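Asker: Below is one structure. I have some questions about it.
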Amino acid sequence: MEYTGFFEVQANPDKKRAADIMKISRRVCSFFWDASPKRPHFEEREGQADMAFEILDAIKNDQHILVEAGVGIGKSFAYLVPLLLRTNQGGGTIVIATSTIALQEQLMRDIRFLHEQLGTRLRLVLAKGQTNYICMKRVEEYQARPDAKMPEELAALIADGYQDRAEYPGDLPQGLWEQICVKQFGYRCRKCHRRCLYRDMRSELRFSGGLVVCNQDFLTAHLLRQSRGLGGLINESVKIVVIDEAHNLESKVRSATTRSLEQARLLTLIKQVQHEVPAEMTAHIQGEVNSAKSAVRAFFKRLQEQVRRQIAESEQDMKYADRFFFRQDENSLALLRDMASTLKRLSESAQILSTLDLRRGDSGDAADDFYETADALSTLTNELHTNLLWIERKGRALELVFCPRNMRNIIRELYFEGNIRTVLTSATLTNTTQGSLQDMYSYFISNTGFPLDGRGFLSEPKPSPFPYDEHAMLYYCDDLPHPTQERGAFIQAGVERLVEILDISHGKALVLFTAKTDLEEVYQALQSRDLPYQVLKQQPGPSQDQVLKEFRDNVDSVLLGTGAYWEGIDIKGKSLSNLVIFRLPFPVPDPIIEDKVSMVKDGLMEVRVPEMIIKLKQGIGRLIRSASDTGIVSIIDPRLRDDPPARYRDIVWSSLPIQNRTTSLEVLSAFYASLRLDGAETRSK
């Protein structure tokens, strides 16, 4: 790559800007090529400096940039170095948005380190989600309860000003934390007189510049407010945003624009609204209250019937399914519209009557919440064709969930058509290595509307510098039953093959599943055997941290997981030297996936295969986390067999970082035996 252009002030209307970029580019050169090799424990990474210069080039040309950076590139430093220098020159506020708290905290450590190395001095704000902070009002309410059980150590810390969960020295019971953390920050919170660390952080975000590290949900909420003409959540001087872990952007924006309705919540709102109406006037709305309750119960009874029918008629076990289709048949839609209209009538009456009770200072709060909910439901029924609806199961309760269908347009308007410029990066953004850059990033582009004109720059993907084919081998099956057409036989044969693979490494394995049903069945099958290593399985909530610690500490153990485990685990060394994919991660039939499929010509190759490839790359990425990591990957699924080949076989194989592969367990065992699993790790930039 030629960098000469960075050092030439070109003839353009903004010479100062070009001169600033030239100065920064010299500093970037010095950091990556001159100073870094002299620092102990650091090594040059091919592609890292290229990525930094491409980001500078995008800033100079006022462009958005999309860049896949493989594991080990050091992508955080690649974007932090040029952006810290740019912001330090007065380039406005920069926001870095991620998907996980762990990465946010790592970024804060990286930024502080780079401040020392670069001599930059920027105001830093770490904006974690609201549930990471204590609400003092909720603490007081909890402590006033006769059944309150708060540890003395926690009570003493709160009295001393503790409010950030990350600063607690021990383990906090999740049930207790959920009763004292910030749950719904809003207008009433801003009027609260109590000290509030979360409110202080929100205020600092709005009135100070510098560098903000937050999650993608928070940044999306900020941009949505701005798009609606409301005040933003972050300083208006934001010029550049970085979306790290950008493969999650679509789901995060969808989540931010998604609403849900649950029977118990609606009935509670109705009760609260009725309570706010002056006692002498409740008779005026009793009929509307009764109609609303009946309509709510009738609609959610219909949802229960739909879920039971889908479970009974499904070709696969849906015992652990969380998401179901909302069938828009005539009866279901009639019940939905009836619920919407009765709630709307009640909300309008409550709005009027609740304001008449001047004796109550909090009068109208529930009425306002109820009116907003009823209005959203009324809008939904009038615009069904522009929305995607589905049913979600939360424990024993069901929710009607809905969001706009045009997610691509929403993302494009928020991230690519305003005044900000967006840097998008992740280790898994491409769905193929074949064709042009546009072909490689095609699935991400189709989901987000990333601009392909002069406003957007597609970077050549930066492959991982790790020697995958020397340090890893991939095993795949060609002799097992089909995972969906012969599920029972596949599970039985798959368990036998899994035990053979685990024997090669004597445990030390992470086994990833696409379905909770598969995980549970395989776990029970393994528990019934006298295996010479402990078998663990993913646990919900905070118990997950304890399971991961046990997996790290017990080197020979085996951990079974699904969901977030495909991308949320970072375990270096021999504790995870055997990664097993139990069934290719094709997306399960799902309202969101099926909606995408309905809008393309070839649903398999344009939606299902790209989704599978990206998740498969994320899963395989759990094995090699450092330059010294070694191990094996096994895919227990016959659909990547050589003969006869599936339509997507070659695309999948070419997309994976490990090309060293075999169908022989003997070859796999010999390769594993040749590995050194006790090598020292190398720290990278």
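To be explicit about the labels: the chains of the structure tokens are called A, B, and onward in the order shown, and within each one the residues are counted from 1, while ligands get numbers from 1 in the order they are shown.
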Name the residues in contact with A:Leu219 at a cut-off of 9 Å, using only C-alpha atoms, excluding same-chain residues fewer than 3 positions from it; report them as a count of residues only.
Answerer: 12
Asker: If you take only C-alpha atoms and a cut-off of 12 Å, which residues of stretch 226-299 of chain A touch stretch 49-68 of chain A, and what are their nearest atom pairs and distances in Å to one decimal, in chain and number order, as CSV?
Answerer:
residue,atom,partner,partner_atom,distance
A:Lys239,CA,A:Ile59,CA,10.0
A:Ile240,CA,A:Ile59,CA,8.7
A:Val241,CA,A:His64,CA,9.6
A:Val242,CA,A:Ile65,CA,9.6
A:Ile243,CA,A:Leu66,CA,9.7
A:Asp244,CA,A:Val67,CA,10.2
A:Glu245,CA,A:Glu68,CA,9.8
A:Ala246,CA,A:Leu66,CA,9.1
A:His247,CA,A:Glu68,CA,9.7
Asker: Residues near A:Ser237, anyone? I mean within 6 Å using only C-alpha atoms, not counting same-chain ones fewer than 2 positions away, as a CSV table (one decimal) with C-alpha atoms, in the first residue's frame.
Answerer:
chain,number,residue,atom,x,y,z
A,92,GLY,CA,-14.7,16.8,17.9
A,93,THR,CA,-16.1,14.0,20.1
A,235,ASN,CA,-22.5,15.7,23.1
Asker: Which residues come within 7 Å of A:Ser260, counting only C-alpha atoms, excluding same-chain residues fewer than 5 positions away, as a list in words?
Answerer: Glu399, Leu400, Val401 and Phe402 of chain A
Asker: Can you check which residues of stretch 153-263 of chain A DSSP gives as alpha helix (DSSP H) on the backbone and send them as a PyMOL selection string?
Answerer: chain A and resi 153-159+174-180+187-191+197-207+216-227+249-256+263
Asker: Neighbours of A:Gln534 within 12 Å (only C-alpha atoms; same-chain residues fewer than 5 positions away dropped), as number ranges by chain?
Answerer: A: 502, 506-509, 523, 526-527, 529, 547, 550-551, 553-560
Asker: Please give the complete set of residues from stretch 442-512 of chain A that DSSP, run on the backbone, assigns to strand (DSSP E or B), formatted as an NGL selection string.
Answerer: :A and (456-458 or 462 or 472-476 or 509-512)
Asker: What lies within 10 Å of A:Leu452 using only C-alpha atoms, ignoring chain neighbours under 6 positions off, as a list of chain:residue names?
Answerer: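 Result of the neighbour search: A:His64, A:Gln438, A:Ile445, A:Leu458.
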Asker: List the spatial neighbours of A:Gly621 as a count of residues only - criterion: any atom at most 12 Å away, only C-alpha atoms, same-chain residues fewer than 6 positions off excluded.
Answerer: 36
Asker: Given the choices A:Gly229, A:Gly186, A:Gly435, A:Pro532, which gets closest to A:Asp369 if the distance is worked out from only C-alpha atoms?
Answerer: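 Of all the options, A:Gly186 lies closest to A:Asp369.
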Asker: When you count only C-alpha atoms, which of these residues is closest to A:Lys462: A:Lys75, A:Ile21, A:Cys181, A:Lys617?
Answerer: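 Of all the options, A:Lys75 lies closest to A:Lys462.
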Asker: Mind giving me the straight-line distance from atom CA of A:Glu105 to atom CA of A:Ser251 in Å, one decimal?
Answerer: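 Interatomic distance here is 22.0 Å.
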